[in-house]
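> Structure: structure-v5.tsv, TSV, C-alpha atoms.
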chain	number	residue	atom	x	y	z
J	1	MET	CA	1.58	20.23	10.62
J	2	GLU	CA	-1.05	18.45	8.52
J	3	ARG	CA	-0.70	16.74	5.17
J	4	PRO	CA	-3.48	16.70	2.56
J	5	LYS	CA	-5.61	13.68	1.84
J	6	PRO	CA	-5.05	11.84	-1.43
J	7	GLU	CA	-7.44	12.36	-4.32
J	8	LYS	CA	-8.78	9.68	-6.62
J	9	ARG	CA	-7.63	11.48	-9.77
J	10	MET	CA	-4.07	11.54	-8.43
J	11	VAL	CA	-4.09	7.81	-7.62
J	12	ASN	CA	-5.63	7.13	-11.04
J	13	ALA	CA	-2.85	9.10	-12.72
J	14	LEU	CA	-0.19	7.36	-10.64
J	15	PHE	CA	-1.26	3.85	-11.67
J	16	GLY	CA	-2.46	4.63	-15.20
J	17	GLU	CA	-3.79	1.33	-16.57
J	18	ASP	CA	-1.58	-0.95	-14.49
J	19	VAL	CA	-4.21	-3.26	-12.99
J	20	PRO	CA	-1.77	-5.78	-11.40
J	21	LEU	CA	0.12	-3.05	-9.54
J	22	VAL	CA	-2.95	-1.20	-8.25
J	23	ARG	CA	-4.52	-4.51	-7.21
J	24	LEU	CA	-1.46	-5.29	-5.10
J	25	ALA	CA	-1.55	-1.83	-3.52
J	26	CYS	CA	-5.25	-1.99	-2.70
J	27	SER	CA	-5.21	-5.57	-1.42
J	28	GLY	CA	-2.15	-4.84	0.71
J	29	LEU	CA	-3.78	-1.82	2.33
J	30	MET	CA	-7.05	-3.66	2.94
J	31	GLU	CA	-5.44	-6.59	4.74
J	32	VAL	CA	-2.65	-4.79	6.57
J	33	PRO	CA	-3.83	-1.45	8.01
J	34	LEU	CA	-0.96	1.03	8.40
J	35	HIS	CA	-2.70	3.95	10.12
J	36	ARG	CA	-0.33	3.68	13.11
J	37	PHE	CA	2.64	4.04	10.77
J	38	TYR	CA	1.33	6.67	8.36
J	39	PRO	CA	2.14	9.68	10.62
J	40	HIS	CA	5.80	8.65	10.36
J	41	ILE	CA	6.15	7.77	6.68
J	42	ASN	CA	5.62	9.24	3.24
J	43	PHE	CA	2.66	8.35	1.05
J	44	LYS	CA	5.12	6.72	-1.35
J	45	ASP	CA	6.51	4.56	1.49
J	46	LEU	CA	2.95	3.50	2.28
J	47	ILE	CA	2.16	2.48	-1.30
J	48	VAL	CA	5.52	0.75	-1.79
J	49	PHE	CA	5.00	-1.22	1.40
J	50	ALA	CA	1.45	-2.23	0.48
J	51	ILE	CA	2.55	-3.43	-2.95
J	52	GLY	CA	5.74	-5.17	-1.84
J	53	SER	CA	4.35	-6.91	1.22
J	54	ARG	CA	1.31	-8.19	-0.67
J	55	TYR	CA	3.47	-9.40	-3.55
J	56	ALA	CA	5.81	-11.23	-1.14
J	57	ARG	CA	2.92	-12.87	0.71
J	58	GLU	CA	1.40	-14.09	-2.54
J	59	LYS	CA	4.69	-15.34	-3.95
J	60	ASN	CA	6.12	-17.17	-0.92
J	61	LEU	CA	4.32	-16.60	2.37
J	62	ASP	CA	6.48	-18.94	4.45
J	63	SER	CA	9.74	-17.39	3.34
J	64	PHE	CA	8.47	-13.84	3.83
J	65	SER	CA	6.93	-14.70	7.20
J	66	ASN	CA	10.24	-16.06	8.46
J	67	SER	CA	12.18	-13.07	7.14
J	68	ILE	CA	10.20	-10.55	9.21
J	69	GLU	CA	10.09	-12.53	12.44
J	70	ASN	CA	10.95	-10.25	15.40
J	71	ARG	CA	12.36	-7.57	13.12
J	72	SER	CA	12.13	-3.85	13.84
J	73	ALA	CA	9.69	-1.67	11.93
J	74	TYR	CA	12.53	-0.17	9.92
J	75	GLN	CA	13.98	-3.59	9.07
J	76	ILE	CA	10.59	-4.79	7.85
J	77	PHE	CA	9.98	-1.67	5.74
J	78	ASP	CA	13.52	-1.74	4.38
J	79	ASP	CA	13.28	-5.41	3.39
J	80	VAL	CA	9.96	-4.84	1.65
J	81	ALA	CA	11.34	-1.80	-0.20
J	82	ARG	CA	14.06	-4.02	-1.69
J	83	ILE	CA	11.56	-6.44	-3.23
J	84	GLU	CA	11.63	-6.46	-7.01
J	85	ILE	CA	8.83	-7.14	-9.47
J	86	ASP	CA	9.98	-8.29	-12.90
J	87	GLY	CA	13.48	-7.03	-12.18
J	88	TYR	CA	12.45	-3.54	-11.02
J	89	SER	CA	12.19	-2.23	-7.50
J	90	ILE	CA	8.77	-0.89	-6.58
J	91	PHE	CA	10.36	2.51	-5.97
J	92	GLN	CA	11.54	2.46	-9.59
J	93	LEU	CA	8.09	1.45	-10.85
J	94	LEU	CA	6.39	4.28	-8.97
J	95	GLY	CA	9.18	6.73	-9.75
J	96	ALA	CA	8.54	6.35	-13.46
J	97	ARG	CA	4.86	7.13	-12.89
J	98	GLU	CA	5.58	10.12	-10.64
J	99	ALA	CA	7.44	11.77	-13.49
J	100	GLY	CA	4.29	11.74	-15.59
J	101	LEU	CA	1.99	13.40	-13.06
J	102	PRO	CA	0.47	16.71	-14.23
J	103	LYS	CA	1.72	19.83	-12.42
J	104	ASP	CA	-1.36	20.25	-10.20
J	105	LEU	CA	-1.34	16.60	-9.15
J	106	ARG	CA	2.42	16.70	-8.60
J	107	LYS	CA	1.89	19.47	-6.06
J	108	LEU	CA	-0.61	17.31	-4.17
J	109	TYR	CA	1.72	14.30	-4.41
J	110	ASP	CA	4.64	16.29	-3.01
J	111	GLY	CA	2.44	17.40	-0.12
J	112	LEU	CA	1.74	13.76	0.68
J	113	ASN	CA	5.48	13.07	0.90
J	114	PRO	CA	6.80	15.58	3.46
J	115	TYR	CA	9.68	13.54	4.90
J	116	ARG	CA	13.32	13.11	3.94
J	117	THR	CA	14.11	9.50	3.04
J	118	LYS	CA	17.22	9.36	5.24
J	119	ASP	CA	15.13	9.89	8.40
J	120	LEU	CA	13.01	6.77	7.89
J	121	GLU	CA	14.74	4.63	10.52
J	122	THR	CA	14.40	7.35	13.16
J	123	ARG	CA	10.78	8.01	12.28
J	124	LEU	CA	9.76	4.35	12.37
J	125	GLY	CA	11.58	4.01	15.68
J	126	ARG	CA	8.85	6.19	17.18
J	127	VAL	CA	6.13	3.60	16.49
J	128	ASP	CA	5.04	1.68	19.59
J	129	GLU	CA	6.46	-1.85	19.63
J	130	ARG	CA	2.96	-3.29	20.13
J	131	PHE	CA	1.93	-2.04	16.71
J	132	VAL	CA	5.11	-3.36	15.10
J	133	ARG	CA	4.31	-6.85	16.39
J	134	LEU	CA	0.70	-6.46	15.25
J	135	LEU	CA	2.00	-5.55	11.80
J	136	GLU	CA	4.22	-8.62	11.85
J	137	GLY	CA	1.26	-10.84	12.71
J	138	ASN	CA	-0.90	-9.39	9.95
J	139	LEU	CA	1.84	-9.88	7.40
J	140	GLN	CA	2.22	-13.53	8.37
J	141	LYS	CA	-1.42	-14.37	7.59
J	142	ARG	CA	-2.46	-16.11	4.40
J	143	PRO	CA	-3.54	-13.38	1.95
J	144	LYS	CA	-7.21	-13.16	1.06
J	145	GLU	CA	-8.32	-12.66	-2.53
J	146	PHE	CA	-10.66	-9.71	-3.14
J	147	VAL	CA	-13.00	-10.45	-6.03
J	148	SER	CA	-16.02	-8.91	-7.74
J	149	GLU	CA	-19.50	-9.84	-6.56
J	150	GLY	CA	-20.17	-11.68	-9.80
J	151	ARG	CA	-17.14	-13.90	-9.42
J	152	TYR	CA	-17.81	-14.44	-5.71
J	153	ASN	CA	-21.37	-15.57	-6.40
J	154	ASN	CA	-20.20	-18.01	-9.06
J	155	VAL	CA	-17.77	-19.84	-6.78
J	156	PRO	CA	-19.13	-22.89	-4.87
J	157	ALA	CA	-19.62	-22.28	-1.15
J	158	ASP	CA	-16.97	-24.83	-0.19
J	159	LYS	CA	-14.34	-22.94	-2.20
J	160	LYS	CA	-14.99	-19.42	-0.86
J	161	ASP	CA	-12.80	-19.76	2.22
J	162	ASN	CA	-10.07	-17.47	0.89
J	163	LEU	CA	-12.31	-15.14	-1.12
J	164	VAL	CA	-13.69	-11.76	-0.05
J	165	CYS	CA	-16.45	-10.04	-2.01
J	166	ALA	CA	-15.10	-6.57	-2.83
J	167	GLY	CA	-18.08	-4.25	-3.09
J	168	PHE	CA	-15.98	-1.46	-4.57
J	169	LEU	CA	-15.36	-3.48	-7.75
J	170	PRO	CA	-17.91	-3.61	-10.59
J	171	MET	CA	-20.34	-6.53	-10.41
J	172	SER	CA	-18.36	-8.18	-13.20
J	173	LEU	CA	-14.95	-7.29	-14.60
J	174	MET	CA	-15.79	-8.83	-17.96
J	175	GLY	CA	-15.72	-6.19	-20.67
J	176	ARG	CA	-14.30	-3.53	-18.36
J	177	SER	CA	-11.31	-1.55	-19.54
J	178	ASN	CA	-8.10	-1.50	-17.52
J	179	ARG	CA	-8.72	2.17	-16.77
J	180	GLU	CA	-12.17	1.42	-15.31
J	181	ILE	CA	-10.75	-1.33	-13.11
J	182	VAL	CA	-7.89	0.91	-11.93
J	183	GLU	CA	-10.41	3.62	-11.05
J	184	ALA	CA	-12.35	1.16	-8.87
J	185	TYR	CA	-9.22	0.14	-6.99
J	186	ALA	CA	-8.03	3.76	-6.77
J	187	GLY	CA	-11.31	4.82	-5.20
J	188	GLN	CA	-10.93	2.19	-2.51
J	189	ILE	CA	-7.31	3.17	-1.84
J	190	VAL	CA	-8.39	6.79	-1.34
J	191	ARG	CA	-11.22	5.75	0.99
J	192	LEU	CA	-8.82	3.71	3.10
J	193	ILE	CA	-6.08	6.33	3.37
J	194	SER	CA	-8.55	9.17	3.93
J	195	GLY	CA	-9.30	7.54	7.29
J	196	TYR	CA	-5.63	7.68	8.31
J	197	PRO	CA	-4.23	10.45	10.56
J	198	THR	CA	-3.07	13.51	8.64
J	199	GLU	CA	-0.63	14.79	11.25
J	200	VAL	CA	2.98	15.09	10.14
J	201	LYS	CA	5.59	14.58	12.86
J	202	PRO	CA	8.91	15.97	11.63
J	203	ILE	CA	12.23	15.02	13.19
J	204	GLU	CA	13.45	17.68	15.58
J	205	PRO	CA	17.00	18.87	14.84
J	206	THR	CA	19.62	17.70	17.29
J	207	LEU	CA	21.93	20.29	18.85
J	208	PHE	CA	25.45	19.27	19.70
As structure tokens, please, write out the structure in this file.


Amino acid sequence: MERPKPEKRMVNALFGEDVPLVRLACSGLMEVPLHRFYPHINFKDLIVFAIGSRYAREKNLDSFSNSIENRSAYQIFDDVARIEIDGYSIFQLLGAREAGLPKDLRKLYDGLNPYRTKDLETRLGRVDERFVRLLEGNLQKRPKEFVSEGRYNNVPADKKDNLVCAGFLPMSLMGRSNREIVEAYAGQIVRLISGYPTEVKPIEPTLF
């Protein structure tokens, strides 16, 4: 079974004009590749994890790093899913946006989320332990800041250590609308996920 690839117009509609949220999602996906996990999770799980893990790393890296030490894939995903931003869980934030998707985009979105939530622990248990530990290591690294070329060029060389020039962003964000900036991030998110496996691996029913 194969799932469709995401489309930019769907990601645009999902984030609307919320630049902070789409920035977290994009930055999280760029620094912590999840292609080994994607065959076992929903698209929504992927986006929630990218947002939550990036937010936690920016807010308190040491605390977050310690909290995921030697944890299982499910424990890491579950902990990240419980992270709140301004008093709301990320699932709640995305849930409100899902409700506003047009009918044609909702059909695509549903196709990207083929799994039942209650099977998540079983599904993540199928991921090779080597990739779980690799995920842990990536999440414990200091987060890089992805900036426009204009900003990158204006920063002194001795202060660029933590900056990455993001070619997908406009040369300068000055004067750009929130919608334009979201579209730039959305395009990068789609490019990243389009390279992920599309195979869906459902849980086989157990006979007693």

> List the spatial neighbours of region 171-185 of chain J as number ranges by chain - criterion: any atom at most 10 Å away, all atoms listed in the file, same-chain residues fewer than 4 positions off excluded.

J: 8-9, 11-13, 15-27, 147-153, 165-167, 189-191

> Work out how far apart CA of Phe146 (chain J) and CA of Pro197 (chain J) are and give it in Å to one decimal.

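Calculated distance between CA of Phe146 (chain J) and CA of Pro197 (chain J) is 25.2 Å.
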
> Once you count only C-alpha atoms, what closest atom pair and distance in Å to one decimal does each residue of region 91-138 of chain J within 12 Å of region 40-64 of chain J have, with rows by chain and rising residue number, as a tab-separated table?


residue	atom	partner	partner_atom	distance
J:Phe91	CA	J:Val48	CA	6.6
J:Gln92	CA	J:Val48	CA	10.0
J:Leu93	CA	J:Val48	CA	9.4
J:Leu94	CA	J:Val48	CA	8.0
J:Gly95	CA	J:Lys44	CA	9.3
J:Arg97	CA	J:Lys44	CA	11.6
J:Glu98	CA	J:Lys44	CA	9.9
J:Leu108	CA	J:Phe43	CA	10.9
J:Tyr109	CA	J:Phe43	CA	8.1
J:Asp110	CA	J:Phe43	CA	9.1
J:Gly111	CA	J:Phe43	CA	9.1
J:Leu112	CA	J:Phe43	CA	5.5
J:Asn113	CA	J:Asn42	CA	4.5
J:Pro114	CA	J:Asn42	CA	6.5
J:Tyr115	CA	J:Asn42	CA	6.1
J:Arg116	CA	J:Asn42	CA	8.6
J:Thr117	CA	J:Asn42	CA	8.5
J:Lys118	CA	J:Ile41	CA	11.3
J:Asp119	CA	J:Ile41	CA	9.4
J:Leu120	CA	J:Ile41	CA	7.0
J:Glu121	CA	J:His40	CA	9.8
J:Thr122	CA	J:His40	CA	9.1
J:Arg123	CA	J:His40	CA	5.4
J:Leu124	CA	J:His40	CA	6.2
J:Gly125	CA	J:His40	CA	9.1
J:Arg126	CA	J:His40	CA	7.9
J:Val127	CA	J:His40	CA	7.9
J:Asp128	CA	J:His40	CA	11.6
J:Leu135	CA	J:Ser53	CA	10.9
J:Glu136	CA	J:Phe64	CA	10.5
J:Gly137	CA	J:Phe64	CA	11.8
J:Asn138	CA	J:Ser53	CA	10.5

> As an exercise, work out the distance from CA of Ile68 (chain J) to CA of Gly195 (chain J) in Å and give it to one decimal place.

26.7 Å

> Could you state the separation of CA of Arg130 (chain J) and CA of Ser72 (chain J) in Å, given to one decimal place?

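Separating CA of Arg130 (chain J) from CA of Ser72 (chain J) is a distance of 11.1 Å.
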
> Which one of J:Val200, J:Leu163, J:Ala99, J:Leu134 sits closest to Arg71 (chain J) if you count all atoms listed in the file?

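Using all atoms listed in the file, Arg71 (chain J) sits closest to J:Leu134.
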
> Which is closer to Leu192 (chain J) than all the others in J:Ile83, J:Ala73, J:Leu34, J:Met10, using all atoms listed in the file?

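Of J:Ile83, J:Ala73, J:Leu34, J:Met10, the one nearest Leu192 (chain J) is J:Leu34, counting all atoms listed in the file.
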
> Smallest atom-to-atom distance to Met1 (chain J): which of J:Ala186, J:Lys201, J:Pro102, J:Ser65, using only C-alpha atoms?

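With only C-alpha atoms as the atom set, the closest residue is J:Lys201.
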
> For region 170-205 of chain J, where the input has fewer atoms than it should, I would like N, CA and C atoms rebuilt and written as a PDB file, in the coordinates of the input.


ATOM      1  N   PRO J 170     -16.678  -3.407  -9.814  1.00  0.00           N
ATOM      2  CA  PRO J 170     -17.910  -3.610 -10.590  1.00  0.00           C
ATOM      3  C   PRO J 170     -18.429  -5.034 -10.379  1.00  0.00           C
ATOM      4  N   MET J 171     -19.724  -5.223 -10.572  1.00  0.00           N
ATOM      5  CA  MET J 171     -20.340  -6.530 -10.410  1.00  0.00           C
ATOM      6  C   MET J 171     -19.583  -7.604 -11.175  1.00  0.00           C
ATOM      7  N   SER J 172     -19.170  -7.280 -12.383  1.00  0.00           N
ATOM      8  CA  SER J 172     -18.360  -8.180 -13.200  1.00  0.00           C
ATOM      9  C   SER J 172     -17.259  -7.375 -13.858  1.00  0.00           C
ATOM     10  N   LEU J 173     -16.066  -7.969 -13.950  1.00  0.00           N
ATOM     11  CA  LEU J 173     -14.950  -7.290 -14.600  1.00  0.00           C
ATOM     12  C   LEU J 173     -14.895  -7.582 -16.092  1.00  0.00           C
ATOM     13  N   MET J 174     -15.747  -8.499 -16.535  1.00  0.00           N
ATOM     14  CA  MET J 174     -15.790  -8.830 -17.960  1.00  0.00           C
ATOM     15  C   MET J 174     -16.195  -7.611 -18.789  1.00  0.00           C
ATOM     16  N   GLY J 175     -15.418  -7.310 -19.796  1.00  0.00           N
ATOM     17  CA  GLY J 175     -15.720  -6.190 -20.670  1.00  0.00           C
ATOM     18  C   GLY J 175     -15.292  -4.838 -20.135  1.00  0.00           C
ATOM     19  N   ARG J 176     -14.772  -4.798 -18.938  1.00  0.00           N
ATOM     20  CA  ARG J 176     -14.300  -3.530 -18.360  1.00  0.00           C
ATOM     21  C   ARG J 176     -12.895  -3.218 -18.849  1.00  0.00           C
ATOM     22  N   SER J 177     -12.652  -1.952 -19.123  1.00  0.00           N
ATOM     23  CA  SER J 177     -11.310  -1.550 -19.540  1.00  0.00           C
ATOM     24  C   SER J 177     -10.380  -1.525 -18.332  1.00  0.00           C
ATOM     25  N   ASN J 178      -9.073  -1.589 -18.605  1.00  0.00           N
ATOM     26  CA  ASN J 178      -8.100  -1.500 -17.520  1.00  0.00           C
ATOM     27  C   ASN J 178      -8.262  -0.203 -16.739  1.00  0.00           C
ATOM     28  N   ARG J 179      -8.570   0.871 -17.435  1.00  0.00           N
ATOM     29  CA  ARG J 179      -8.720   2.170 -16.770  1.00  0.00           C
ATOM     30  C   ARG J 179      -9.910   2.145 -15.795  1.00  0.00           C
ATOM     31  N   GLU J 180     -11.004   1.519 -16.193  1.00  0.00           N
ATOM     32  CA  GLU J 180     -12.170   1.420 -15.310  1.00  0.00           C
ATOM     33  C   GLU J 180     -11.843   0.611 -14.060  1.00  0.00           C
ATOM     34  N   ILE J 181     -11.100  -0.470 -14.254  1.00  0.00           N
ATOM     35  CA  ILE J 181     -10.750  -1.330 -13.110  1.00  0.00           C
ATOM     36  C   ILE J 181      -9.800  -0.593 -12.179  1.00  0.00           C
ATOM     37  N   VAL J 182      -8.818   0.117 -12.756  1.00  0.00           N
ATOM     38  CA  VAL J 182      -7.890   0.910 -11.930  1.00  0.00           C
ATOM     39  C   VAL J 182      -8.656   1.951 -11.129  1.00  0.00           C
ATOM     40  N   GLU J 183      -9.625   2.593 -11.748  1.00  0.00           N
ATOM     41  CA  GLU J 183     -10.410   3.620 -11.050  1.00  0.00           C
ATOM     42  C   GLU J 183     -11.157   3.028  -9.855  1.00  0.00           C
ATOM     43  N   ALA J 184     -11.647   1.809  -9.982  1.00  0.00           N
ATOM     44  CA  ALA J 184     -12.350   1.160  -8.870  1.00  0.00           C
ATOM     45  C   ALA J 184     -11.390   0.911  -7.706  1.00  0.00           C
ATOM     46  N   TYR J 185     -10.217   0.375  -8.031  1.00  0.00           N
ATOM     47  CA  TYR J 185      -9.220   0.140  -6.990  1.00  0.00           C
ATOM     48  C   TYR J 185      -8.733   1.460  -6.396  1.00  0.00           C
ATOM     49  N   ALA J 186      -8.510   2.458  -7.237  1.00  0.00           N
ATOM     50  CA  ALA J 186      -8.030   3.760  -6.770  1.00  0.00           C
ATOM     51  C   ALA J 186      -9.010   4.392  -5.799  1.00  0.00           C
ATOM     52  N   GLY J 187     -10.301   4.270  -6.096  1.00  0.00           N
ATOM     53  CA  GLY J 187     -11.310   4.820  -5.200  1.00  0.00           C
ATOM     54  C   GLY J 187     -11.250   4.182  -3.829  1.00  0.00           C
ATOM     55  N   GLN J 188     -11.031   2.876  -3.795  1.00  0.00           N
ATOM     56  CA  GLN J 188     -10.930   2.190  -2.510  1.00  0.00           C
ATOM     57  C   GLN J 188      -9.667   2.585  -1.764  1.00  0.00           C
ATOM     58  N   ILE J 189      -8.558   2.735  -2.478  1.00  0.00           N
ATOM     59  CA  ILE J 189      -7.310   3.170  -1.840  1.00  0.00           C
ATOM     60  C   ILE J 189      -7.505   4.536  -1.183  1.00  0.00           C
ATOM     61  N   VAL J 190      -8.152   5.449  -1.892  1.00  0.00           N
ATOM     62  CA  VAL J 190      -8.390   6.790  -1.340  1.00  0.00           C
ATOM     63  C   VAL J 190      -9.293   6.719  -0.116  1.00  0.00           C
ATOM     64  N   ARG J 191     -10.330   5.899  -0.175  1.00  0.00           N
ATOM     65  CA  ARG J 191     -11.220   5.750   0.990  1.00  0.00           C
ATOM     66  C   ARG J 191     -10.454   5.237   2.208  1.00  0.00           C
ATOM     67  N   LEU J 192      -9.587   4.279   1.992  1.00  0.00           N
ATOM     68  CA  LEU J 192      -8.820   3.710   3.100  1.00  0.00           C
ATOM     69  C   LEU J 192      -7.873   4.737   3.712  1.00  0.00           C
ATOM     70  N   ILE J 193      -7.084   5.403   2.869  1.00  0.00           N
ATOM     71  CA  ILE J 193      -6.080   6.330   3.370  1.00  0.00           C
ATOM     72  C   ILE J 193      -6.711   7.607   3.929  1.00  0.00           C
ATOM     73  N   SER J 194      -7.876   7.968   3.426  1.00  0.00           N
ATOM     74  CA  SER J 194      -8.550   9.170   3.930  1.00  0.00           C
ATOM     75  C   SER J 194      -8.946   9.010   5.397  1.00  0.00           C
ATOM     76  N   GLY J 195      -9.004   7.780   5.879  1.00  0.00           N
ATOM     77  CA  GLY J 195      -9.300   7.540   7.290  1.00  0.00           C
ATOM     78  C   GLY J 195      -8.059   7.518   8.167  1.00  0.00           C
ATOM     79  N   TYR J 196      -6.876   7.683   7.556  1.00  0.00           N
ATOM     80  CA  TYR J 196      -5.630   7.680   8.310  1.00  0.00           C
ATOM     81  C   TYR J 196      -5.380   9.069   8.923  1.00  0.00           C
ATOM     82  N   PRO J 197      -4.587   9.139   9.988  1.00  0.00           N
ATOM     83  CA  PRO J 197      -4.230  10.450  10.560  1.00  0.00           C
ATOM     84  C   PRO J 197      -3.500  11.309   9.528  1.00  0.00           C
ATOM     85  N   THR J 198      -3.726  12.599   9.572  1.00  0.00           N
ATOM     86  CA  THR J 198      -3.070  13.510   8.640  1.00  0.00           C
ATOM     87  C   THR J 198      -1.911  14.280   9.281  1.00  0.00           C
ATOM     88  N   GLU J 199      -1.700  14.072  10.565  1.00  0.00           N
ATOM     89  CA  GLU J 199      -0.630  14.790  11.250  1.00  0.00           C
ATOM     90  C   GLU J 199       0.740  14.358  10.769  1.00  0.00           C
ATOM     91  N   VAL J 200       1.588  15.333  10.513  1.00  0.00           N
ATOM     92  CA  VAL J 200       2.980  15.090  10.140  1.00  0.00           C
ATOM     93  C   VAL J 200       3.843  15.364  11.365  1.00  0.00           C
ATOM     94  N   LYS J 201       4.756  14.436  11.667  1.00  0.00           N
ATOM     95  CA  LYS J 201       5.590  14.580  12.860  1.00  0.00           C
ATOM     96  C   LYS J 201       7.058  14.639  12.443  1.00  0.00           C
ATOM     97  N   PRO J 202       7.527  15.844  12.119  1.00  0.00           N
ATOM     98  CA  PRO J 202       8.910  15.970  11.630  1.00  0.00           C
ATOM     99  C   PRO J 202       9.936  15.644  12.715  1.00  0.00           C
ATOM    100  N   ILE J 203      11.130  15.291  12.271  1.00  0.00           N
ATOM    101  CA  ILE J 203      12.230  15.020  13.190  1.00  0.00           C
ATOM    102  C   ILE J 203      12.792  16.343  13.703  1.00  0.00           C
ATOM    103  N   GLU J 204      12.884  16.457  15.003  1.00  0.00           N
ATOM    104  CA  GLU J 204      13.450  17.680  15.580  1.00  0.00           C
ATOM    105  C   GLU J 204      14.960  17.680  15.395  1.00  0.00           C
ATOM    106  N   PRO J 205      15.535  18.819  15.018  1.00  0.00           N
ATOM    107  CA  PRO J 205      17.000  18.870  14.840  1.00  0.00           C
ATOM    108  C   PRO J 205      17.714  18.646  16.176  1.00  0.00           C
TER     109      PRO J 205
END
